[in-house]
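With mmCIF, C-alpha atoms inside, this is work37.cif:
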data_upload
loop_
_atom_site.label_atom_id
_atom_site.label_comp_id
_atom_site.auth_asym_id
_atom_site.auth_seq_id
_atom_site.Cartn_x
_atom_site.Cartn_y
_atom_site.Cartn_z
CA MET A 29 -12.70 27.30 7.27
CA ARG A 30 -15.76 25.22 6.62
CA GLU A 31 -16.62 21.95 4.92
CA PHE A 32 -19.90 21.55 3.11
CA LYS A 33 -21.58 19.20 0.67
CA ILE A 34 -23.42 19.71 -2.61
CA ALA A 35 -25.83 17.05 -3.84
CA LEU A 36 -24.99 15.28 -7.11
CA ASP A 37 -27.43 12.64 -8.37
CA ASN A 38 -27.78 10.14 -5.51
CA THR A 39 -24.57 11.22 -3.78
CA TYR A 40 -22.64 14.40 -2.94
CA MET A 41 -19.40 16.34 -3.40
CA ASN A 42 -17.47 17.36 -0.30
CA ILE A 43 -15.90 20.84 -0.57
CA ILE A 44 -13.45 22.59 1.74
CA GLU A 45 -13.69 26.40 1.83
CA PHE A 46 -11.18 28.80 3.38
CA GLY A 47 -9.77 32.27 2.88
CA HIS A 48 -11.44 35.67 2.64
CA GLY A 49 -10.06 37.20 -0.56
CA LYS A 50 -12.15 38.78 -3.29
CA LYS A 51 -10.90 36.43 -6.00
CA VAL A 52 -11.93 32.77 -6.25
CA LEU A 53 -9.48 29.87 -6.52
CA THR A 54 -10.81 26.43 -7.37
CA MET A 55 -8.39 23.76 -6.18
CA ILE A 56 -8.85 20.19 -7.40
CA ALA A 57 -7.13 17.48 -5.39
CA GLY A 58 -5.40 14.41 -6.74
CA ILE A 59 -6.69 10.88 -6.30
CA SER A 60 -6.56 9.40 -2.80
CA LEU A 61 -7.90 6.36 -1.00
CA ALA A 62 -9.91 7.88 1.85
CA GLY A 63 -10.70 11.30 0.36
CA LEU A 64 -10.54 14.69 2.04
CA GLU A 65 -13.53 14.77 4.37
CA GLY A 66 -12.49 16.02 7.79
CA SER A 67 -9.14 17.41 6.62
CA GLY A 68 -10.24 21.02 6.22
CA GLU A 69 -8.21 22.49 9.08
CA GLY A 70 -4.99 20.94 7.80
CA VAL A 71 -5.64 22.03 4.23
CA ALA A 72 -6.44 25.61 5.26
CA ALA A 73 -3.24 25.78 7.31
CA ALA A 74 -1.12 24.35 4.48
CA TYR A 75 -2.50 26.89 1.99
CA SER A 76 -2.79 29.89 4.31
CA ALA A 77 -0.64 31.93 1.88
CA PHE A 78 -3.66 32.10 -0.44
CA ALA A 79 -6.16 33.21 2.20
CA ASP A 80 -5.77 36.99 1.94
CA GLU A 81 -6.13 37.21 -1.83
CA TYR A 82 -8.51 34.32 -2.48
CA THR A 83 -11.56 32.54 -1.25
CA VAL A 84 -10.48 28.97 -1.94
CA TYR A 85 -12.69 25.98 -2.67
CA LEU A 86 -10.97 22.59 -2.63
CA PHE A 87 -12.83 19.83 -4.49
CA ASP A 88 -12.41 16.12 -3.90
CA ARG A 89 -14.65 13.74 -5.93
CA ARG A 90 -18.27 12.67 -5.56
CA LYS A 91 -18.66 10.22 -2.68
CA VAL A 92 -20.13 7.41 -4.79
CA VAL A 93 -18.30 7.00 -8.10
CA PRO A 94 -19.84 4.93 -10.94
CA ALA A 95 -17.66 2.23 -12.51
CA ASP A 96 -17.77 3.95 -15.92
CA PHE A 97 -17.01 7.49 -14.68
CA SER A 98 -14.56 9.48 -16.84
CA ILE A 99 -12.20 12.38 -16.13
CA ARG A 100 -14.58 14.60 -18.13
CA ASP A 101 -17.43 13.45 -15.86
CA MET A 102 -15.36 14.48 -12.84
CA ALA A 103 -14.79 17.90 -14.43
CA ASN A 104 -18.52 18.24 -15.03
CA ASP A 105 -19.13 17.56 -11.32
CA VAL A 106 -16.85 20.48 -10.43
CA TYR A 107 -18.65 22.69 -12.94
CA LEU A 108 -22.10 21.76 -11.59
CA CYS A 109 -20.97 22.55 -8.04
CA LEU A 110 -19.47 25.90 -9.05
CA LYS A 111 -22.70 26.73 -10.88
CA GLU A 112 -24.72 25.79 -7.79
CA MET A 113 -22.46 28.05 -5.73
CA GLY A 114 -23.02 30.96 -8.15
CA ILE A 115 -19.35 31.15 -9.20
CA THR A 116 -18.91 32.38 -12.77
CA SER A 117 -15.20 33.31 -12.72
CA THR A 118 -12.31 31.49 -11.07
CA ASP A 119 -8.63 30.65 -11.22
CA VAL A 120 -8.01 26.90 -11.14
CA TYR A 121 -5.20 24.87 -9.56
CA GLY A 122 -5.24 21.10 -10.07
CA VAL A 123 -2.70 18.50 -8.95
CA SER A 124 -2.19 15.04 -10.46
CA GLN A 125 -5.65 13.73 -11.47
CA GLY A 126 -6.95 17.13 -10.37
CA GLY A 127 -4.78 18.66 -13.09
CA MET A 128 -6.44 16.42 -15.66
CA ILE A 129 -9.83 17.51 -14.34
CA GLY A 130 -8.74 21.15 -14.46
CA GLN A 131 -7.79 20.83 -18.13
CA CYS A 132 -11.14 19.24 -18.99
CA LEU A 133 -13.01 21.91 -17.02
CA THR A 134 -11.15 24.67 -18.88
CA LEU A 135 -11.78 23.07 -22.27
CA ALA A 136 -15.50 22.61 -21.59
CA HIS A 137 -16.05 26.03 -19.97
CA PRO A 138 -13.38 28.49 -21.14
CA GLU A 139 -15.53 31.42 -20.01
CA LEU A 140 -15.24 30.21 -16.42
CA VAL A 141 -11.47 29.87 -16.02
CA ASN A 142 -9.21 32.92 -15.84
CA LYS A 143 -5.88 31.18 -15.22
CA LEU A 144 -4.95 27.51 -14.90
CA VAL A 145 -2.14 25.98 -12.84
CA ILE A 146 -1.38 22.28 -13.37
CA CYS A 147 1.04 20.32 -11.18
CA SER A 148 2.33 16.74 -11.59
CA SER A 149 -0.16 15.95 -14.31
CA MET A 150 -0.46 15.14 -18.02
CA CYS A 151 -2.62 15.57 -21.10
CA LYS A 152 -2.12 11.97 -22.23
CA ALA A 153 -1.48 8.87 -20.15
CA THR A 154 2.22 7.99 -20.07
CA PRO A 155 3.47 4.37 -20.13
CA LEU A 156 4.67 4.80 -16.55
CA ILE A 157 1.32 5.87 -15.12
CA LYS A 158 -0.42 2.98 -16.85
CA GLU A 159 1.86 0.58 -14.97
CA ILE A 160 1.37 2.44 -11.69
CA VAL A 161 -2.42 2.53 -11.99
CA GLU A 162 -2.53 -1.20 -12.73
CA ARG A 163 -0.58 -1.91 -9.53
CA TRP A 164 -2.73 0.45 -7.47
CA MET A 165 -5.94 -1.08 -8.73
CA GLY A 166 -4.63 -4.58 -8.03
CA ALA A 167 -3.92 -3.67 -4.40
CA ALA A 168 -7.26 -1.89 -4.04
CA LYS A 169 -9.09 -4.93 -5.41
CA GLU A 170 -7.64 -6.99 -2.55
CA HIS A 171 -9.20 -4.55 -0.03
CA ASP A 172 -5.83 -4.48 1.76
CA VAL A 173 -5.84 -0.90 3.03
CA VAL A 174 -2.37 -0.98 4.57
CA LYS A 175 -0.81 -2.48 1.45
CA MET A 176 -2.63 0.01 -0.76
CA ASN A 177 -1.56 3.05 1.29
CA ARG A 178 2.01 1.83 1.69
CA MET A 179 2.35 1.36 -2.07
CA PHE A 180 0.68 4.71 -2.80
CA PHE A 181 2.88 6.67 -0.38
CA LYS A 182 6.06 5.04 -1.73
CA ASP A 183 5.12 5.90 -5.32
CA VAL A 184 3.91 9.44 -4.67
CA TYR A 185 6.41 10.84 -2.14
CA SER A 186 10.19 11.13 -2.12
CA GLU A 187 12.27 8.92 0.16
CA ALA A 188 13.41 12.00 2.08
CA PHE A 189 9.83 13.05 2.80
CA LEU A 190 8.79 9.56 3.88
CA ASP A 191 11.78 9.38 6.20
CA ALA A 192 10.81 12.72 7.74
CA VAL A 193 7.27 11.50 8.53
CA LYS A 194 8.13 7.85 9.26
CA ASP A 195 6.73 8.01 12.80
CA MET A 196 3.30 8.94 11.40
CA LEU A 197 3.19 6.34 8.65
CA PRO A 198 1.94 3.35 10.66
CA GLU A 199 -1.27 5.24 11.50
CA LEU A 200 -1.64 6.86 8.08
CA GLU A 201 -1.37 3.46 6.40
CA LYS A 202 -4.48 2.27 8.25
CA VAL A 203 -6.75 5.03 6.93
CA GLY A 204 -9.44 3.73 4.60
CA THR A 205 -12.04 1.01 4.21
CA ALA A 206 -12.99 -1.74 1.77
CA GLU A 207 -15.61 0.64 0.38
CA ASP A 208 -12.88 3.24 -0.17
CA CYS A 209 -10.86 0.62 -2.09
CA ASP A 210 -13.80 0.02 -4.45
CA ARG A 211 -14.27 3.75 -4.95
CA PHE A 212 -10.55 4.19 -5.58
CA GLN A 213 -10.66 1.63 -8.41
CA ASN A 214 -13.44 3.59 -10.12
CA LEU A 215 -11.45 6.80 -9.76
CA ALA A 216 -8.21 5.28 -11.02
CA ARG A 217 -9.61 3.31 -13.95
CA PRO A 218 -10.08 6.26 -16.38
CA ILE A 219 -6.54 7.57 -15.83
CA SER A 220 -4.94 5.03 -18.18
CA ALA A 221 -7.32 5.99 -21.00
CA PHE A 222 -6.94 9.75 -20.51
CA ASP A 223 -5.94 11.54 -23.72
CA ILE A 224 -6.77 15.15 -24.60
CA TYR A 225 -3.53 15.78 -26.50
CA ASP A 226 -5.25 16.74 -29.74
CA VAL A 227 -7.63 19.28 -28.21
CA LEU A 228 -5.30 20.72 -25.56
CA PRO A 229 -4.29 23.78 -27.67
CA GLU A 230 -7.92 24.90 -27.49
CA ILE A 231 -7.09 26.14 -23.99
CA THR A 232 -6.34 29.83 -24.47
CA CYS A 233 -6.16 31.18 -20.91
CA PRO A 234 -2.72 31.62 -19.26
CA VAL A 235 -1.38 28.28 -17.99
CA PHE A 236 1.48 27.43 -15.62
CA VAL A 237 2.78 23.86 -15.51
CA LEU A 238 4.72 22.54 -12.51
CA GLY A 239 6.32 19.16 -11.89
CA ASP A 240 9.43 17.32 -10.78
CA MET A 241 12.10 15.56 -12.82
CA ASN A 242 11.92 12.62 -10.37
CA ASP A 243 8.16 12.06 -10.67
CA LYS A 244 7.75 8.31 -10.05
CA VAL A 245 4.07 8.21 -11.06
CA ILE A 246 3.76 10.06 -14.36
CA GLY A 247 7.36 10.93 -15.21
CA PRO A 248 8.55 14.42 -16.16
CA GLU A 249 7.32 13.97 -19.73
CA GLY A 250 3.75 14.46 -18.49
CA SER A 251 4.61 18.04 -17.59
CA THR A 252 6.89 18.80 -20.54
CA GLU A 253 4.40 17.48 -23.08
CA MET A 254 1.64 19.72 -21.69
CA ALA A 255 3.85 22.78 -21.69
CA GLU A 256 5.10 22.15 -25.23
CA ARG A 257 1.57 21.58 -26.49
CA LEU A 258 0.30 24.77 -24.85
CA GLY A 259 3.41 26.89 -25.34
CA CYS A 260 3.07 27.93 -21.72
CA GLU A 261 5.29 28.64 -18.74
CA ILE A 262 6.78 25.60 -16.98
CA TYR A 263 8.92 24.99 -13.90
CA LEU A 264 10.36 21.58 -13.04
CA TYR A 265 11.95 20.79 -9.69
CA ASP A 266 14.59 18.05 -9.42
CA THR A 267 14.54 17.27 -5.71
CA TYR A 268 11.20 15.70 -4.89
CA SER A 269 8.80 13.33 -6.65
CA HIS A 270 5.17 13.25 -7.80
CA ALA A 271 3.86 15.03 -4.69
CA VAL A 272 6.11 18.03 -5.22
CA TYR A 273 2.95 20.07 -4.50
CA ASP A 274 3.20 18.92 -0.87
CA GLU A 275 6.97 18.79 -0.54
CA ALA A 276 8.43 21.94 -2.15
CA ALA A 277 8.45 24.79 0.35
CA ASP A 278 8.36 27.52 -2.30
CA ILE A 279 5.76 26.08 -4.67
CA LYS A 280 2.82 28.06 -3.28
CA GLU A 281 4.70 31.34 -3.77
CA ARG A 282 5.53 30.36 -7.35
CA ILE A 283 1.83 29.73 -7.98
CA LEU A 284 0.83 33.05 -6.43
CA GLU A 285 3.41 34.92 -8.51
CA PHE A 286 1.91 33.46 -11.66
CA LEU A 287 -1.67 34.18 -10.61
CA ARG A 288 -0.77 37.79 -9.73
CA LYS A 289 0.63 38.55 -13.20
#

Render the structure in this file as C-alpha cells.
Amino acid sequence: MREFKIALDNTYMNIIEFGHGKKVLTMIAGISLAGLEGSGEGVAAAYSAFADEYTVYLFDRRKVVPADFSIRDMANDVYLCLKEMGITSTDVYGVSQGGMIGQCLTLAHPELVNKLVICSSMCKATPLIKEIVERWMGAAKEHDVVKMNRMFFKDVYSEAFLDAVKDMLPELEKVGTAEDCDRFQNLARPISAFDIYDVLPEITCPVFVLGDMNDKVIGPEGSTEMAERLGCEIYLYDTYSHAVYDEAADIKERILEFLRK
C-alpha cells in the first residue's frame, strides 16, 4: 500500500494504491468531512479481496475545492490523474457521490471504462437527498465538527452498525476542522443540482447497480431509477442503509463476481 499525490491546479489529489493484480480498478469514494488522507492501511485491509486480481487506486477529491465545482469537474479531476498515471483502461467502482462521479467519467471517456459498478448513488437528485444535503451544509457552515459528524454518521449508517461501533464514535466525531467544514460545503453543494438522467443511456459498458431499500440519504429510488434507465443488473439489500458498501459482508464478492464476467 502507498499513498501519493498528483498536482491539480494550485492543489492536489490524494490517491491510495494497493493490490498487485494485472487489471486496474479505479475506486471513487463518497463525500466525507475529513477526507481519506492517512487511511490507506485501513482501506487496503477492507478491500484485500481485490488485491490479487487488481491494482486498485482509490480517489478522494482535490484538497482545495472551488465554491462552483461540479460533479463533472470532480470526474475530470479523476480523468486527469489517470492520464498522468498512464492508465488507459480501468474498471470503475464508485459509492454515493463517487458513483455520480463514476457515471460522469464514463460518459465523458467511454473508451477508458471497461465496467462500472455504482453503489448507493443516483443519476438525478432525489427529494430526500436535497433535504439531507441542506441539513449537512447547515451544520458544516456552523463549523461544529462534532455536530456535523454525528449527523452524518446517523444519516449514512444503520442503527445496528452504529451500535456495534458506539465505543469508537466519541473519537470519530471529533475528526475534522473548520477548514474541512468549508471544503465539505463546496463538495456537497453540487449534489442537489445533479441530473444526468437524459444522457445516462449513453453509457454502453456493462453496469452493476447496488443499494439498500433502507437508504436514508438518497432512498432506494436512486438505485432503481439508474438501473431502469440503463437496463442493467441491480441488487438491493434490505438490512442496512446508505453505507451498505461498508456494512454488507458479501458486497465485495458480489462486485468481484460481476467484474469477472

Here is a test: counting all atoms listed in the file, which residue of A:Phe46, A:Phe181, A:Tyr263, A:Phe212 is nearest to Ser76 in chain A?
A:Phe46

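Distance check against Arg257 in chain A using all atoms listed in the file: of A:Ala206, A:Val245, A:Ile160, A:Leu228, the minimum falls on A:Leu228.
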
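Distances here use all atoms listed in the file; by that measure, the residue among A:Ala277, A:Cys233, A:Ala57, A:Ala153 closest to Leu258 in chain A is A:Cys233.
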
I need the output of the PyMOL selection byres ((chain A and resi 279) around 12) for this file as a count of residues only; which residues are they?
31

Excluding same-chain residues fewer than 3 positions from Cys151 in chain A, what lies within 9 Å of it counting only C-alpha atoms, as a PyMOL selection string?
chain A and resi 127-128+131+222-225+228+250-251+253-254

Reconstruct range 133-151 of chain A at the level of N, CA and C atoms, and format the result as a PDB file, keeping the file's coordinate frame.
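Below you can see result-v7.pdb, which holds the result:
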ATOM      1  N   LEU A 133     -12.106  20.833 -17.430  1.00  0.00           N
ATOM      2  CA  LEU A 133     -13.010  21.910 -17.020  1.00  0.00           C
ATOM      3  C   LEU A 133     -12.764  23.151 -17.873  1.00  0.00           C
ATOM      4  N   THR A 134     -11.506  23.484 -18.096  1.00  0.00           N
ATOM      5  CA  THR A 134     -11.150  24.670 -18.880  1.00  0.00           C
ATOM      6  C   THR A 134     -11.556  24.512 -20.340  1.00  0.00           C
ATOM      7  N   LEU A 135     -11.378  23.321 -20.886  1.00  0.00           N
ATOM      8  CA  LEU A 135     -11.780  23.070 -22.270  1.00  0.00           C
ATOM      9  C   LEU A 135     -13.291  23.164 -22.448  1.00  0.00           C
ATOM     10  N   ALA A 136     -14.033  22.625 -21.478  1.00  0.00           N
ATOM     11  CA  ALA A 136     -15.500  22.610 -21.590  1.00  0.00           C
ATOM     12  C   ALA A 136     -16.119  23.965 -21.284  1.00  0.00           C
ATOM     13  N   HIS A 137     -15.478  24.752 -20.421  1.00  0.00           N
ATOM     14  CA  HIS A 137     -16.050  26.030 -19.970  1.00  0.00           C
ATOM     15  C   HIS A 137     -14.973  27.111 -19.932  1.00  0.00           C
ATOM     16  N   PRO A 138     -14.465  27.491 -21.093  1.00  0.00           N
ATOM     17  CA  PRO A 138     -13.380  28.490 -21.140  1.00  0.00           C
ATOM     18  C   PRO A 138     -13.777  29.833 -20.546  1.00  0.00           C
ATOM     19  N   GLU A 139     -15.066  30.145 -20.567  1.00  0.00           N
ATOM     20  CA  GLU A 139     -15.530  31.420 -20.010  1.00  0.00           C
ATOM     21  C   GLU A 139     -15.418  31.463 -18.497  1.00  0.00           C
ATOM     22  N   LEU A 140     -15.273  30.315 -17.881  1.00  0.00           N
ATOM     23  CA  LEU A 140     -15.240  30.210 -16.420  1.00  0.00           C
ATOM     24  C   LEU A 140     -13.854  30.412 -15.845  1.00  0.00           C
ATOM     25  N   VAL A 141     -12.824  29.950 -16.568  1.00  0.00           N
ATOM     26  CA  VAL A 141     -11.470  29.870 -16.020  1.00  0.00           C
ATOM     27  C   VAL A 141     -10.612  31.036 -16.489  1.00  0.00           C
ATOM     28  N   ASN A 142     -10.086  31.792 -15.532  1.00  0.00           N
ATOM     29  CA  ASN A 142      -9.210  32.920 -15.840  1.00  0.00           C
ATOM     30  C   ASN A 142      -7.779  32.474 -16.078  1.00  0.00           C
ATOM     31  N   LYS A 143      -7.231  31.714 -15.118  1.00  0.00           N
ATOM     32  CA  LYS A 143      -5.880  31.180 -15.220  1.00  0.00           C
ATOM     33  C   LYS A 143      -5.892  29.755 -14.695  1.00  0.00           C
ATOM     34  N   LEU A 144      -5.000  28.929 -15.253  1.00  0.00           N
ATOM     35  CA  LEU A 144      -4.950  27.510 -14.900  1.00  0.00           C
ATOM     36  C   LEU A 144      -3.532  27.139 -14.483  1.00  0.00           C
ATOM     37  N   VAL A 145      -3.417  26.512 -13.322  1.00  0.00           N
ATOM     38  CA  VAL A 145      -2.140  25.980 -12.840  1.00  0.00           C
ATOM     39  C   VAL A 145      -2.286  24.457 -12.739  1.00  0.00           C
ATOM     40  N   ILE A 146      -1.336  23.742 -13.333  1.00  0.00           N
ATOM     41  CA  ILE A 146      -1.380  22.280 -13.370  1.00  0.00           C
ATOM     42  C   ILE A 146      -0.077  21.749 -12.789  1.00  0.00           C
ATOM     43  N   CYS A 147      -0.167  20.868 -11.802  1.00  0.00           N
ATOM     44  CA  CYS A 147       1.040  20.320 -11.180  1.00  0.00           C
ATOM     45  C   CYS A 147       1.012  18.788 -11.220  1.00  0.00           C
ATOM     46  N   SER A 148       2.146  18.201 -11.597  1.00  0.00           N
ATOM     47  CA  SER A 148       2.330  16.740 -11.590  1.00  0.00           C
ATOM     48  C   SER A 148       1.207  16.042 -12.342  1.00  0.00           C
ATOM     49  N   SER A 149       0.972  16.479 -13.554  1.00  0.00           N
ATOM     50  CA  SER A 149      -0.160  15.950 -14.310  1.00  0.00           C
ATOM     51  C   SER A 149       0.253  15.676 -15.757  1.00  0.00           C
ATOM     52  N   MET A 150      -0.725  15.534 -16.638  1.00  0.00           N
ATOM     53  CA  MET A 150      -0.460  15.140 -18.020  1.00  0.00           C
ATOM     54  C   MET A 150      -1.682  15.435 -18.872  1.00  0.00           C
ATOM     55  N   CYS A 151      -1.489  15.457 -20.184  1.00  0.00           N
ATOM     56  CA  CYS A 151      -2.620  15.570 -21.100  1.00  0.00           C
ATOM     57  C   CYS A 151      -2.886  14.250 -21.815  1.00  0.00           C
TER      58      CYS A 151
END
